[in-house]
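*Asks:* Here it is, the structure in full.
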Amino acid sequence: MIYEVFRQERKGQPFQHAGSVVAPDERFAEIYAREQYGRRQESVALWLVPREAVHEIDEFPDEFDLKYRRVDGYSIKARLHEAREKALSSEPRAPNQP
Amino acid sequence: MNAGVELLLTIADDELVLGWRNSEWTGIAPFLEEDVAFSSIAQNEIGHARALYELAAAELGTTADELAFDRRPEEYRCAPLVQLRRLEWARTIARHWLYETADEIRLGALKASDDPAIAGIAAKMDREEAYHRMHAEMWVDRLLASEEGRARLNEAVDELWPYALGVLDDELRPELRRRAEERLGRRLPGVEPVPRGVHEAELAELWEEMTMVRRSAPAGARW
């Protein structure tokens, strides 16, 4: 059995994937995880998850290139630069009429 | 040498030599996770030895290193059980389990000691030994669960039983027998213990190896 090990470095922090251990059952997994991820006081808690309990999703189709949904799809810096250029080169607008 | 110091040295020698024996599996244990875990347990035992030698050294006006490495092999007080070289996994697990069971009984008695230093270090060691016992017990369960495992464990325990009895003083031996028989679900042979003071040939070999680097340097070298 493969157990995925997540460790928490300090109370209140999120658990992060640390690695995995191969063990015949949970008791062995506990001892092995303790020794590999806890013996140097580097963790305050560990989560052990049998690998088959992990539901993995690894396909994210993007057929229509909807890049505006992505964080990197819309560059604020480029847009600002563009806007500034435009503002400097264009004629001053007529003041608003009351 | 007073009885307290003698006791500290006795347990320290057990822990040091067993730590060395267990560390012989480093790199060649049956699988990687076990390799890391068993090596870590070996290191803990050597850590316990250091703490005990330090207490004894303070009484004797010497250092932990001198006690650990500068005595002659025949001066070590370790039980013959830990001296044996048994690079076979069933025997290693049997020895580990027998030693941890005996050690728990011994530490239980020491925690009740009138000497606060001894009671304190016994309690501290016991908290770490609890994980060693967990490790030993899970292996015993695993071996008992299959026919082959059970046969190999039983054979190893029978071979080591007189040595295991030798870890403890007379008055604590019946408790070791009671626990071991209950755990294995069978009677163990009535045999004469192999007591402390017996030095197996393997101890001299181990001593050669264990003290080689220290002996190669001039006295008083700082590391």
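In the structure tokens, chains take the letters A, B, ... in the order shown, each chain's residues start at 1, and ligands count up from 1 in the order shown.
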May I ask you to extract the residues of chain A within 10 Å of chain B, using only C-alpha atoms, and to give them as a list in words?

*Replies:*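 The contacting residues on chain A are Ser20, Val21, Val22, Ala23, Pro24, Asp25, Arg27, Phe28, Ala29, Glu30, Ile31, Tyr32, Ala33, Arg34, Glu35, Gln36 and Arg39 of chain A.
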
*Asks:* I need the alpha helix (DSSP H) residues of stretch 9-98 of chain A per DSSP on the backbone, written as a list in words.

*Replies:*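 These are the residues in question: Glu26, Arg27, Phe28, Ala29, Glu30, Ile31, Tyr32, Ala33, Arg34, Glu35, Gln36, Tyr37, Ile76, Lys77, Ala78, Arg79, Leu80, His81, Glu82, Ala83, Arg84, Glu85, Lys86, Ala87, Leu88 and Ser89 of chain A.
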
*Asks:* Could you please take those selected residues and save C-alpha atoms as a CSV table (one decimal), in the first residue's frame?

*Replies:*
chain,number,residue,atom,x,y,z
A,26,GLU,CA,-1.8,1.7,8.7
A,27,ARG,CA,0.3,0.8,11.7
A,28,PHE,CA,3.4,0.4,9.6
A,29,ALA,CA,2.6,3.5,7.7
A,30,GLU,CA,2.3,5.5,11.0
A,31,ILE,CA,5.7,4.4,12.2
A,32,TYR,CA,7.3,5.0,8.9
A,33,ALA,CA,5.8,8.4,8.4
A,34,ARG,CA,6.8,9.4,11.9
A,35,GLU,CA,10.4,8.4,11.3
A,36,GLN,CA,10.6,9.9,7.8
A,37,TYR,CA,8.7,13.1,8.3
A,76,ILE,CA,-2.8,44.9,-16.2
A,77,LYS,CA,0.7,46.3,-16.7
A,78,ALA,CA,0.3,46.2,-20.6
A,79,ARG,CA,-3.1,47.7,-20.5
A,80,LEU,CA,-2.0,50.5,-18.2
A,81,HIS,CA,0.9,51.2,-20.5
A,82,GLU,CA,-1.4,51.3,-23.5
A,83,ALA,CA,-3.8,53.6,-21.8
A,84,ARG,CA,-1.0,56.0,-20.7
A,85,GLU,CA,0.4,56.2,-24.3
A,86,LYS,CA,-3.1,56.9,-25.6
A,87,ALA,CA,-3.8,59.6,-23.0
A,88,LEU,CA,-0.5,61.4,-23.9
A,89,SER,CA,-0.8,61.3,-27.6

*Asks:* I'd like the neighbourhood of stretch 10-22 of chain B as a list in words, where a residue qualifies if any of its atoms comes within 6 Å (using only C-alpha atoms), though same-chain residues fewer than 2 positions away should be ignored.

*Replies:*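 Returned residues: Leu7, Leu8, Glu24, Trp25, Ala42, Glu45, Ile46, Ala49, Leu52, Arg77, Cys78 and Val82 of chain B.
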
*Asks:* Write a file of the selected residues as a PDB file, in the first residue's frame, keeping C-alpha atoms.

*Replies:*
ATOM      1  CA  LEU B   7      23.309   0.575  36.893  1.00  0.00           C
ATOM      2  CA  LEU B   8      23.694   3.589  34.574  1.00  0.00           C
ATOM      3  CA  GLU B  24      24.179  -2.845  10.891  1.00  0.00           C
ATOM      4  CA  TRP B  25      20.920  -2.929   8.917  1.00  0.00           C
ATOM      5  CA  ALA B  42      19.241   2.523  16.352  1.00  0.00           C
ATOM      6  CA  GLU B  45      19.309   3.854  21.381  1.00  0.00           C
ATOM      7  CA  ILE B  46      22.727   5.420  20.981  1.00  0.00           C
ATOM      8  CA  ALA B  49      23.373   5.549  25.825  1.00  0.00           C
ATOM      9  CA  LEU B  52      23.207   7.647  30.535  1.00  0.00           C
ATOM     10  CA  ARG B  77      28.434  -4.678  31.130  1.00  0.00           C
ATOM     11  CA  CYS B  78      25.997  -5.211  28.287  1.00  0.00           C
ATOM     12  CA  VAL B  82      22.724  -7.350  22.492  1.00  0.00           C
TER      13      VAL B  82
END

*Asks:* Pick out the residues sitting within 12 Å of stretch 52-61 of chain A, and hand them over as a short mmCIF file (atom, residue, chain, number, x, y, z; two decimals) with N, CA and C atoms, in the first residue's frame; count only C-alpha atoms, and ignore anything fewer than 6 positions along from it in its own chain.

*Replies:*
data_model
loop_
_atom_site.label_atom_id
_atom_site.label_comp_id
_atom_site.auth_asym_id
_atom_site.auth_seq_id
_atom_site.Cartn_x
_atom_site.Cartn_y
_atom_site.Cartn_z
N MET A 1 0.84 -1.20 0.00
CA MET A 1 0.00 0.00 0.00
C MET A 1 0.88 1.26 0.00
N ILE A 2 0.43 2.24 -0.76
CA ILE A 2 1.15 3.51 -0.73
C ILE A 2 0.30 4.51 0.05
N TYR A 3 0.91 5.16 1.00
CA TYR A 3 0.23 6.21 1.76
C TYR A 3 0.87 7.55 1.42
N GLU A 4 0.03 8.49 1.05
CA GLU A 4 0.53 9.84 0.82
C GLU A 4 0.62 10.53 2.18
N VAL A 5 1.70 11.26 2.38
CA VAL A 5 1.91 11.91 3.68
C VAL A 5 1.88 13.42 3.51
#

*Asks:* Between A:Arg40, A:Asp62, A:Tyr68, A:Leu46, which residue has the minimum interatomic distance to A:Lys11, considering only C-alpha atoms?

*Replies:*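 Counting only C-alpha atoms, the residue closest to A:Lys11 is A:Leu46.
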
*Asks:* Which value, in Å to one decimal, gives the distance between atom CA of B:Arg177 and atom CA of B:Ala156?

*Replies:*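 Between atom CA of B:Arg177 and atom CA of B:Ala156 the gap works out to 15.6 Å.
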
*Asks:* Report, in Å with one decimal, the straight-line distance from atom CA of B:Ala102 to atom CA of B:Gly197.

*Replies:*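 Computing the Euclidean distance for atom CA of B:Ala102 and atom CA of B:Gly197 yields 17.7 Å.
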
*Asks:* Rounded to one decimal, what separation in Å do you get between atom CA of B:Glu54 and atom CA of B:Leu110?

*Replies:*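 Answer for the atom CA of B:Glu54 to atom CA of B:Leu110 separation: 17.4 Å.
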